[in-house]
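**Q** Quick one, model-v9.txt (compact mmCIF, C-alpha atoms and all ligand atoms):
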```txt
# COMPACT_ATOMS: atom_id res chain seq x y z
CA MET A 1 -11.24 -43.63 114.09
CA GLN A 2 -8.23 -45.97 114.10
CA ASN A 3 -5.45 -44.79 111.79
CA THR A 4 -3.13 -47.55 110.70
CA ALA A 5 0.39 -47.79 109.29
CA SER A 6 2.45 -50.72 107.97
CA GLY A 7 5.65 -52.08 109.37
CA LYS A 8 8.38 -52.57 106.78
CA VAL A 9 10.89 -55.17 105.71
CA ILE A 10 13.93 -54.05 103.75
CA LEU A 11 14.59 -56.77 101.18
CA ALA A 12 17.88 -55.20 100.05
CA GLY A 13 19.89 -52.03 100.46
CA GLU A 14 19.79 -51.00 104.13
CA HIS A 15 22.67 -48.79 105.29
CA ALA A 16 23.89 -48.17 101.73
CA VAL A 17 20.58 -46.27 101.27
CA VAL A 18 21.80 -43.67 103.79
CA TYR A 19 24.57 -42.82 101.25
CA GLY A 20 22.33 -42.56 98.19
CA VAL A 21 22.26 -46.20 97.02
CA PRO A 22 18.69 -47.35 96.16
CA ALA A 23 16.95 -49.88 98.40
CA LEU A 24 13.98 -52.20 98.07
CA ALA A 25 11.39 -52.56 100.83
CA VAL A 26 7.94 -54.02 101.36
CA GLY A 27 5.17 -53.03 103.77
CA ILE A 28 3.86 -55.79 106.04
CA ASP A 29 0.46 -56.13 107.66
CA ARG A 30 1.79 -55.76 111.21
CA GLY A 31 2.34 -52.12 112.05
CA ALA A 32 0.86 -49.45 114.29
CA ARG A 33 -2.48 -47.78 115.06
CA ALA A 34 -3.39 -44.41 116.52
CA THR A 35 -6.37 -42.25 117.40
CA ALA A 36 -6.44 -38.52 118.15
CA ARG A 37 -8.97 -36.42 120.04
CA PRO A 38 -8.75 -32.62 119.58
CA LEU A 39 -8.21 -30.57 122.76
CA LEU A 40 -8.76 -26.90 123.41
CA PRO A 41 -5.94 -24.85 121.81
CA ARG A 42 -4.65 -23.72 125.24
CA GLU A 43 -4.31 -27.34 126.45
CA ARG A 44 -0.98 -29.17 126.06
CA ALA A 45 -1.00 -32.09 123.63
CA ARG A 46 -0.39 -35.55 125.10
CA LEU A 47 0.61 -38.89 123.70
CA ALA A 48 0.02 -42.28 125.31
CA VAL A 49 1.58 -45.46 123.93
CA PRO A 50 0.02 -48.19 126.11
CA THR A 51 2.08 -50.86 124.27
CA TRP A 52 5.24 -49.28 125.73
CA GLY A 53 3.59 -48.25 129.00
CA ILE A 54 4.45 -44.57 128.34
CA GLU A 55 2.47 -41.35 128.45
CA VAL A 56 4.08 -37.98 127.70
CA SER A 57 3.07 -34.39 127.11
CA GLU A 58 4.43 -32.38 124.20
CA ASP A 59 6.66 -30.19 126.36
CA GLY A 60 8.67 -32.92 128.11
CA ASP A 61 12.39 -33.65 127.64
CA GLU A 62 12.08 -37.37 126.90
CA MET A 63 12.85 -38.52 123.38
CA LEU A 64 9.20 -39.53 122.83
CA SER A 65 8.05 -36.05 123.91
CA ARG A 66 10.54 -34.37 121.60
CA ALA A 67 9.50 -36.57 118.67
CA PHE A 68 5.81 -35.85 119.33
CA ARG A 69 6.50 -32.11 119.58
CA SER A 70 8.47 -32.15 116.37
CA LEU A 71 5.63 -33.96 114.52
CA LEU A 72 3.03 -31.52 115.90
CA ASN A 73 5.15 -28.48 114.99
CA GLU A 74 5.45 -29.78 111.44
CA HIS A 75 1.66 -30.28 111.39
CA ARG A 76 1.03 -26.75 112.71
CA GLN A 77 3.12 -25.32 109.88
CA SER A 78 1.54 -27.45 107.18
CA ALA A 79 -1.01 -26.03 104.77
CA SER A 80 -3.31 -29.01 105.23
CA SER A 81 -3.61 -28.36 108.98
CA ARG A 82 -7.26 -28.03 110.02
CA LYS A 83 -6.15 -25.50 112.65
CA GLU A 84 -6.58 -27.89 115.56
CA SER A 85 -3.22 -27.93 117.18
CA ALA A 86 -3.61 -29.76 120.48
CA PHE A 87 -4.56 -33.42 120.64
CA SER A 88 -4.79 -36.30 123.01
CA VAL A 89 -3.25 -39.14 121.01
CA GLU A 90 -3.21 -42.85 121.79
CA ALA A 91 -0.94 -45.14 119.75
CA PHE A 92 -0.36 -48.88 119.70
CA ALA A 93 2.54 -50.73 118.10
CA ASP A 94 2.24 -54.31 116.87
CA LEU A 95 5.98 -54.55 116.11
CA PRO A 96 9.00 -55.10 118.36
CA PRO A 97 10.92 -51.83 118.97
CA GLY A 98 14.55 -52.05 117.84
CA GLY A 99 13.65 -55.01 115.63
CA GLY A 100 14.42 -53.50 112.23
CA LEU A 101 10.77 -53.61 111.17
CA GLY A 102 10.23 -49.85 111.18
CA CYS A 103 8.37 -49.72 114.50
CA SER A 104 9.09 -46.05 115.22
CA ALA A 105 8.21 -44.98 111.66
CA ALA A 106 4.94 -46.95 111.76
CA VAL A 107 3.95 -45.29 115.05
CA GLY A 108 4.93 -41.89 113.58
CA VAL A 109 2.87 -42.49 110.42
CA ALA A 110 -0.17 -43.68 112.43
CA ILE A 111 0.04 -40.57 114.67
CA ALA A 112 0.47 -38.32 111.61
CA ARG A 113 -2.68 -39.82 110.07
CA ALA A 114 -4.57 -39.38 113.34
CA VAL A 115 -3.67 -35.69 113.78
CA ASP A 116 -3.99 -34.78 110.09
CA PRO A 117 -6.53 -37.10 108.42
CA THR A 118 -6.75 -34.89 105.30
CA ALA A 119 -3.01 -34.87 104.55
CA ASP A 120 -1.79 -36.61 101.39
CA ILE A 121 0.94 -39.28 101.46
CA GLU A 122 3.75 -36.71 101.06
CA GLY A 123 2.29 -34.68 103.96
CA ILE A 124 2.08 -37.78 106.17
CA GLN A 125 5.66 -38.69 105.31
CA ARG A 126 6.82 -35.16 106.17
CA LEU A 127 5.22 -35.35 109.62
CA ALA A 128 6.59 -38.85 110.20
CA MET A 129 10.08 -37.73 109.15
CA ALA A 130 10.00 -34.90 111.72
CA TRP A 131 9.28 -37.61 114.32
CA GLU A 132 11.87 -40.06 112.92
CA ARG A 133 14.70 -37.48 112.94
CA VAL A 134 14.43 -37.24 116.72
CA PHE A 135 14.92 -41.00 117.11
CA HIS A 136 17.41 -41.72 114.33
CA GLY A 137 19.40 -38.53 113.66
CA ASN A 138 19.64 -38.56 109.89
CA PRO A 139 17.38 -41.34 108.57
CA SER A 140 17.24 -42.00 104.83
CA GLY A 141 13.42 -41.87 105.02
CA ILE A 142 12.86 -45.41 103.71
CA ASP A 143 11.03 -46.53 106.87
CA ALA A 144 8.55 -43.64 106.83
CA ALA A 145 8.03 -43.94 103.04
CA CYS A 146 7.36 -47.67 103.19
CA SER A 147 5.15 -47.35 106.24
CA ALA A 148 3.04 -44.60 104.67
CA ARG A 149 2.72 -46.25 101.25
CA GLY A 150 2.72 -50.02 101.87
CA GLY A 151 3.29 -52.41 98.94
CA ALA A 152 6.78 -52.77 97.50
CA ILE A 153 8.88 -49.68 96.92
CA TRP A 154 12.15 -48.78 95.29
CA PHE A 155 13.60 -45.95 97.34
CA ARG A 156 16.48 -43.56 96.83
CA LYS A 157 17.16 -40.83 99.41
CA GLY A 158 15.82 -37.47 98.27
CA GLU A 159 13.74 -38.95 95.41
CA GLN A 160 10.09 -39.93 95.08
CA PRO A 161 9.76 -43.60 96.12
CA ARG A 162 8.56 -45.75 93.21
CA PRO A 163 6.12 -48.60 93.48
CA VAL A 164 7.61 -51.91 92.34
CA ARG A 165 5.38 -54.56 90.84
CA VAL A 166 5.31 -57.82 92.78
CA ALA A 167 4.63 -60.38 90.09
CA ARG A 168 4.14 -63.30 92.47
CA GLU A 169 2.88 -63.34 96.08
CA LEU A 170 5.83 -63.34 98.47
CA HIS A 171 6.02 -65.48 101.58
CA LEU A 172 8.34 -64.01 104.16
CA CYS A 173 9.34 -65.30 107.57
CA ILE A 174 10.49 -62.79 110.14
CA GLY A 175 12.63 -64.10 113.00
CA HIS A 176 13.68 -62.04 116.01
CA SER A 177 17.23 -62.40 117.33
CA GLY A 178 15.95 -61.45 120.80
CA ILE A 179 18.26 -58.44 120.85
CA ALA A 180 16.95 -54.91 120.30
CA SER A 181 19.35 -52.69 118.40
CA SER A 182 19.61 -48.95 117.90
CA THR A 183 19.40 -47.76 114.29
CA LYS A 184 21.25 -44.57 115.25
CA SER A 185 24.27 -46.42 116.66
CA MET A 186 24.40 -48.96 113.81
CA VAL A 187 24.31 -46.13 111.24
CA GLU A 188 27.10 -44.39 113.21
CA SER A 189 29.16 -47.59 113.20
CA VAL A 190 29.01 -47.76 109.38
CA ALA A 191 29.90 -44.05 109.19
CA LYS A 192 33.01 -44.70 111.33
CA GLN A 193 34.06 -47.63 109.13
CA ARG A 194 33.55 -45.44 106.06
CA GLU A 195 35.83 -42.80 107.55
CA LYS A 196 38.54 -45.34 108.35
CA ARG A 197 38.32 -47.58 105.27
CA PRO A 198 36.42 -45.66 102.56
CA GLU A 199 37.46 -47.95 99.69
CA VAL A 200 36.28 -51.13 101.48
CA VAL A 201 32.93 -49.61 102.42
CA GLU A 202 32.38 -48.13 98.94
CA LYS A 203 33.06 -51.56 97.42
CA ALA A 204 30.43 -53.10 99.71
CA PHE A 205 27.97 -50.35 98.71
CA SER A 206 28.58 -51.05 94.99
CA GLY A 207 27.89 -54.74 95.62
CA ILE A 208 24.70 -53.81 97.49
CA ALA A 209 23.61 -51.51 94.62
CA ALA A 210 23.95 -54.44 92.18
CA VAL A 211 21.99 -56.71 94.54
CA VAL A 212 19.18 -54.13 94.82
CA GLU A 213 18.89 -53.70 91.04
CA ASN A 214 18.78 -57.47 90.47
CA ALA A 215 16.35 -57.96 93.36
CA ARG A 216 13.99 -55.41 91.77
CA LEU A 217 14.14 -57.32 88.47
CA ALA A 218 13.56 -60.63 90.28
CA LEU A 219 10.56 -59.20 92.14
CA GLU A 220 9.06 -57.86 88.92
CA ALA A 221 9.66 -61.19 87.18
CA GLY A 222 8.30 -63.29 90.07
CA ASP A 223 11.65 -65.14 90.28
CA VAL A 224 11.73 -66.03 93.97
CA VAL A 225 14.70 -68.40 93.59
CA ALA A 226 16.88 -65.57 92.25
CA LEU A 227 15.51 -63.22 94.90
CA GLY A 228 16.46 -65.71 97.63
CA LYS A 229 20.05 -65.92 96.34
CA LEU A 230 20.22 -62.11 96.30
CA LEU A 231 19.09 -61.95 99.94
CA ASP A 232 21.98 -64.30 100.82
CA MET A 233 24.45 -62.10 98.91
CA ASN A 234 23.16 -58.98 100.66
CA GLN A 235 23.63 -60.72 104.01
CA MET A 236 27.28 -61.48 103.17
CA LEU A 237 27.90 -57.85 102.27
CA LEU A 238 26.20 -56.63 105.47
CA GLY A 239 28.29 -59.12 107.47
CA GLY A 240 31.39 -57.53 105.91
CA LEU A 241 30.22 -54.20 107.35
CA LEU A 242 30.09 -55.80 110.83
CA LEU A 243 26.31 -55.50 111.04
CA SER A 244 25.56 -59.17 111.58
CA THR A 245 25.69 -61.01 114.90
CA GLU A 246 25.96 -64.63 116.01
CA GLU A 247 22.18 -64.76 116.62
CA VAL A 248 21.43 -63.27 113.19
CA GLU A 249 23.76 -65.82 111.53
CA THR A 250 22.05 -68.65 113.45
CA LEU A 251 18.59 -67.45 112.36
CA CYS A 252 19.74 -67.30 108.71
CA ARG A 253 21.36 -70.75 108.88
CA VAL A 254 18.36 -72.37 110.57
CA ALA A 255 15.98 -70.79 108.01
CA ARG A 256 18.03 -72.04 105.06
CA GLY A 257 18.26 -75.49 106.70
CA ALA A 258 14.43 -75.56 106.92
CA GLY A 259 14.10 -74.78 103.22
CA ALA A 260 14.22 -70.96 102.95
CA LEU A 261 15.35 -69.69 99.54
CA GLY A 262 17.50 -67.02 101.20
CA ALA A 263 17.82 -65.04 104.42
CA LYS A 264 19.36 -61.83 105.69
CA LEU A 265 19.18 -59.31 108.49
CA THR A 266 16.66 -56.58 107.82
CA GLY A 267 16.92 -52.97 108.96
CA ALA A 268 19.80 -51.74 111.06
CA GLY A 269 21.33 -55.09 112.12
CA GLY A 270 23.41 -55.58 115.27
CA GLY A 271 20.50 -57.75 116.46
CA GLY A 272 16.90 -57.07 115.45
CA CYS A 273 15.18 -59.26 112.89
CA VAL A 274 16.03 -61.57 110.02
CA VAL A 275 13.88 -61.94 106.90
CA ALA A 276 13.77 -65.32 105.18
CA LEU A 277 12.10 -65.82 101.81
CA VAL A 278 10.18 -69.07 101.35
CA SER A 279 8.28 -70.56 98.43
CA ASP A 280 4.92 -71.08 100.17
CA GLU A 281 3.05 -71.14 103.45
CA ALA A 282 3.98 -74.75 104.32
CA ARG A 283 7.69 -73.89 103.99
CA GLY A 284 7.03 -70.73 106.02
CA ASN A 285 5.55 -72.79 108.85
CA ALA A 286 8.57 -75.12 108.71
CA VAL A 287 10.96 -72.16 109.09
CA VAL A 288 9.00 -70.65 111.99
CA GLN A 289 8.93 -74.07 113.73
CA ALA A 290 12.67 -74.55 113.19
CA TRP A 291 13.32 -71.13 114.75
CA ASP A 292 11.04 -71.97 117.65
CA LYS A 293 13.00 -75.20 118.24
CA ALA A 294 16.24 -73.19 118.20
CA GLY A 295 14.77 -70.78 120.80
CA TYR A 296 13.80 -67.87 118.53
CA PHE A 297 10.41 -66.23 117.97
CA GLY A 298 9.25 -65.79 114.39
CA PHE A 299 6.18 -65.34 112.24
CA HIS A 300 5.13 -65.80 108.64
CA THR A 301 3.69 -62.97 106.53
CA ARG A 302 2.71 -62.48 102.90
CA VAL A 303 3.15 -59.63 100.46
CA ALA A 304 0.34 -59.70 97.93
CA ALA A 305 1.11 -59.76 94.22
CA THR A 306 0.36 -56.39 92.61
CA VAL A 307 -2.85 -56.18 90.60
CA HIS A 308 -1.61 -55.13 87.18
CA SER A 309 -4.08 -52.34 86.28
CA SER A 310 -3.83 -50.57 89.66
CA PHE A 311 -0.04 -50.80 89.42
CA VAL A 312 -0.01 -49.23 85.96
CA ARG A 313 -2.17 -46.33 87.24
CA GLU A 314 -0.03 -45.83 90.34
CA ARG A 315 3.21 -46.03 88.40
CA ALA A 316 1.95 -43.58 85.77
CA ALA A 317 1.06 -41.09 88.54
CA TYR A 318 4.60 -41.38 89.93
CA ASP A 319 6.18 -40.97 86.52
CA THR A 320 4.06 -37.86 85.82
CA ALA A 321 4.97 -36.37 89.21
CA GLU A 322 8.64 -37.10 88.51
CA ALA A 323 8.47 -35.49 85.04
CA GLU A 324 6.84 -32.36 86.51
CA ARG A 325 9.58 -31.90 89.11
C1 LIG B 401 16.76 -48.76 109.04
O1 LIG B 401 15.51 -49.40 108.93
C2 LIG B 401 17.42 -48.66 107.70
C3 LIG B 401 18.81 -48.01 107.70
O2 LIG B 401 19.25 -48.05 106.35
C4 LIG B 401 18.78 -46.59 108.22
C5 LIG B 401 18.06 -45.62 107.27
O3 LIG B 401 17.86 -45.93 106.11
O4 LIG B 401 17.76 -44.50 107.75
C6 LIG B 401 19.79 -48.81 108.54
```
What would the structure in this file look like if it were written as structure tokens?

**A**
Amino acid sequence: MQNTASGKVILAGEHAVVYGVPALAVGIDRGARATARPLLPRERARLAVPTWGIEVSEDGDEMLSRAFRSLLNEHRQSASSRKESAFSVEAFADLPPGGGLGCSAAVGVAIARAVDPTADIEGIQRLAMAWERVFHGNPSGIDAACSARGGAIWFRKGEQPRPVRVARELHLCIGHSGIASSTKSMVESVAKQREKRPEVVEKAFSGIAAVVENARLALEAGDVVALGKLLDMNQMLLGGLLLSTEEVETLCRVARGAGALGAKLTGAGGGGCVVALVSDEARGNAVVQAWDKAGYFGFHTRVAATVHSSFVRERAAYDTAEAER
């Protein structure tokens, strides 16, 4: 059975989220897939990722091996484990690595689902976080949460992610700067700036917190014009933290010139992808064509509006869980 996981787009709040500021993210339909075949307990588990042309066993020294081992160890300790502990896993990624779209988290979530199909969402997130920590050091967890849950989420480190109602279908364009970036080194760069100039960085984080809160309200009200302006503001604040690049600025400018309501880098920055919000599919095609003309690859994706009754049920379940904690 194919086990799937979403990629993610952070609409607002990346980097600040590492320091406890909330962030807003949406799952997208491109992501990752994995299958797992149980092996005999004495056999060593293996992972193949044909998309990356890599195959590893769980006892290797490579980062992928260590991440796989860490996920399996978490699984072996978990109560929901069905006692199988060795697997031959095959995973495929439909996202660019280092693109800010949560590629590693999506692969981790797909593998977690493949090795532990009975685990609940929290269990899947726990396994994926064990994997993510090997790649990213100290991730906030937003990528794994968004990948495991899909939809739109409000996320604060250490808290239960909350579903956010999307009142109106969103049309997003994702453009790739052509440069892969490392989340770990971009997070370290912000940490260094915070050490050197704490007041400047804290001011940027307060601005980002205000953007996130207003973006949540705009999403819930279906106000895409306001949401677009907030994406632009977030981009300015991220630029101030030295996370933007010439290519990212070009992608944002070209998108706005082709009619986007707003645009920003998404994820770690320092390259990776840009997200541009557009009003409809025709405008989305215009943005993707304008990027293509400027020499950049992009695609258009939608985030479905939330069906009201299912949202109310989901939100009530979260609120009850929160109250019981
Ligand atoms: C990466 O997708 C998002 C960052 O905020 C890092 C994190 O939250 O762990 C840059």

**Q** Residues at most 6 Å from stretch 95-111 of chain A, counting all atoms listed in the file, excluding those fewer than 2 positions away in the same chain, as a PDB file with C-alpha atoms, keeping the file's coordinate frame?

**A**
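selection-v2.pdb, freshly written:
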```
ATOM      1  CA  ASN A   3      -5.450 -44.790 111.790  1.00  0.00           C
ATOM      2  CA  THR A   4      -3.130 -47.550 110.700  1.00  0.00           C
ATOM      3  CA  ALA A   5       0.390 -47.790 109.290  1.00  0.00           C
ATOM      4  CA  SER A   6       2.450 -50.720 107.970  1.00  0.00           C
ATOM      5  CA  GLY A   7       5.650 -52.080 109.370  1.00  0.00           C
ATOM      6  CA  LYS A   8       8.380 -52.570 106.780  1.00  0.00           C
ATOM      7  CA  VAL A   9      10.890 -55.170 105.710  1.00  0.00           C
ATOM      8  CA  GLY A  31       2.340 -52.120 112.050  1.00  0.00           C
ATOM      9  CA  ALA A  32       0.860 -49.450 114.290  1.00  0.00           C
ATOM     10  CA  ARG A  33      -2.480 -47.780 115.060  1.00  0.00           C
ATOM     11  CA  ALA A  34      -3.390 -44.410 116.520  1.00  0.00           C
ATOM     12  CA  ALA A  93       2.540 -50.730 118.100  1.00  0.00           C
ATOM     13  CA  ARG A 113      -2.680 -39.820 110.070  1.00  0.00           C
ATOM     14  CA  ALA A 114      -4.570 -39.380 113.340  1.00  0.00           C
ATOM     15  CA  ALA A 128       6.590 -38.850 110.200  1.00  0.00           C
ATOM     16  CA  ASP A 143      11.030 -46.530 106.870  1.00  0.00           C
ATOM     17  CA  ALA A 144       8.550 -43.640 106.830  1.00  0.00           C
ATOM     18  CA  SER A 147       5.150 -47.350 106.240  1.00  0.00           C
ATOM     19  CA  ALA A 180      16.950 -54.910 120.300  1.00  0.00           C
ATOM     20  CA  SER A 181      19.350 -52.690 118.400  1.00  0.00           C
ATOM     21  CA  SER A 182      19.610 -48.950 117.900  1.00  0.00           C
ATOM     22  CA  THR A 266      16.660 -56.580 107.820  1.00  0.00           C
ATOM     23  CA  GLY A 267      16.920 -52.970 108.960  1.00  0.00           C
ATOM     24  CA  ALA A 268      19.800 -51.740 111.060  1.00  0.00           C
ATOM     25  CA  GLY A 272      16.900 -57.070 115.450  1.00  0.00           C
ATOM     26  CA  CYS A 273      15.180 -59.260 112.890  1.00  0.00           C
TER      27      CYS A 273
END
```

**Q** Please tabulate, as JSON lines, the residues of chain A that come within 8 Å of ligand LIG 401 (chain B), each with its closest pair of atoms and the distance in Å to one decimal, counting all atoms listed in the file and ordering rows by chain, then residue number upward.

**A**
```
{"residue": "A:Ile10", "atom": "CA", "partner": "B:LIG401", "partner_atom": "O1", "distance": 7.1}
{"residue": "A:Gly13", "atom": "CA", "partner": "B:LIG401", "partner_atom": "O2", "distance": 7.1}
{"residue": "A:Glu14", "atom": "CA", "partner": "B:LIG401", "partner_atom": "O2", "distance": 3.7}
{"residue": "A:His15", "atom": "CA", "partner": "B:LIG401", "partner_atom": "O2", "distance": 3.7}
{"residue": "A:Ala16", "atom": "CA", "partner": "B:LIG401", "partner_atom": "O2", "distance": 6.5}
{"residue": "A:Val17", "atom": "CA", "partner": "B:LIG401", "partner_atom": "O2", "distance": 5.5}
{"residue": "A:Val18", "atom": "CA", "partner": "B:LIG401", "partner_atom": "O3", "distance": 5.1}
{"residue": "A:Gly100", "atom": "CA", "partner": "B:LIG401", "partner_atom": "O1", "distance": 5.4}
{"residue": "A:Leu101", "atom": "CA", "partner": "B:LIG401", "partner_atom": "O1", "distance": 6.7}
{"residue": "A:Gly102", "atom": "CA", "partner": "B:LIG401", "partner_atom": "O1", "distance": 5.8}
{"residue": "A:His136", "atom": "CA", "partner": "B:LIG401", "partner_atom": "O4", "distance": 7.2}
{"residue": "A:Asn138", "atom": "CA", "partner": "B:LIG401", "partner_atom": "O4", "distance": 6.6}
{"residue": "A:Pro139", "atom": "CA", "partner": "B:LIG401", "partner_atom": "O4", "distance": 3.3}
{"residue": "A:Ser140", "atom": "CA", "partner": "B:LIG401", "partner_atom": "O4", "distance": 3.9}
{"residue": "A:Gly141", "atom": "CA", "partner": "B:LIG401", "partner_atom": "O4", "distance": 5.8}
{"residue": "A:Ile142", "atom": "CA", "partner": "B:LIG401", "partner_atom": "O3", "distance": 5.6}
{"residue": "A:Asp143", "atom": "CA", "partner": "B:LIG401", "partner_atom": "O1", "distance": 5.7}
{"residue": "A:Thr183", "atom": "CA", "partner": "B:LIG401", "partner_atom": "C6", "distance": 5.9}
{"residue": "A:Lys184", "atom": "CA", "partner": "B:LIG401", "partner_atom": "C4", "distance": 7.7}
{"residue": "A:Met186", "atom": "CA", "partner": "B:LIG401", "partner_atom": "C6", "distance": 7.0}
{"residue": "A:Val187", "atom": "CA", "partner": "B:LIG401", "partner_atom": "C6", "distance": 5.9}
{"residue": "A:Thr266", "atom": "CA", "partner": "B:LIG401", "partner_atom": "O1", "distance": 7.4}
{"residue": "A:Gly267", "atom": "CA", "partner": "B:LIG401", "partner_atom": "O1", "distance": 3.8}
{"residue": "A:Ala268", "atom": "CA", "partner": "B:LIG401", "partner_atom": "C6", "distance": 3.9}
{"residue": "A:Gly269", "atom": "CA", "partner": "B:LIG401", "partner_atom": "C6", "distance": 7.4}
```

**Q** Calculate how many Å separate atom CA of A:Val274 from atom CA of A:Gly222, rounding to one decimal.

**A**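 Between atom CA of A:Val274 and atom CA of A:Gly222 the gap works out to 21.5 Å.
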
**Q** What separation in Å, quoted to one decimal, exists between atom CA of A:Lys192 and atom CA of A:Glu247?

**A**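 That distance, rounded to one decimal, is 23.4 Å.
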
**Q** Could you tell me which of A:Leu243, A:Val211, A:Ala255, A:Ala45 comes closest to A:Lys229 if we count only C-alpha atoms?

**A**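 Looking only at the distances to A:Lys229, the closest residue turns out to be A:Val211.
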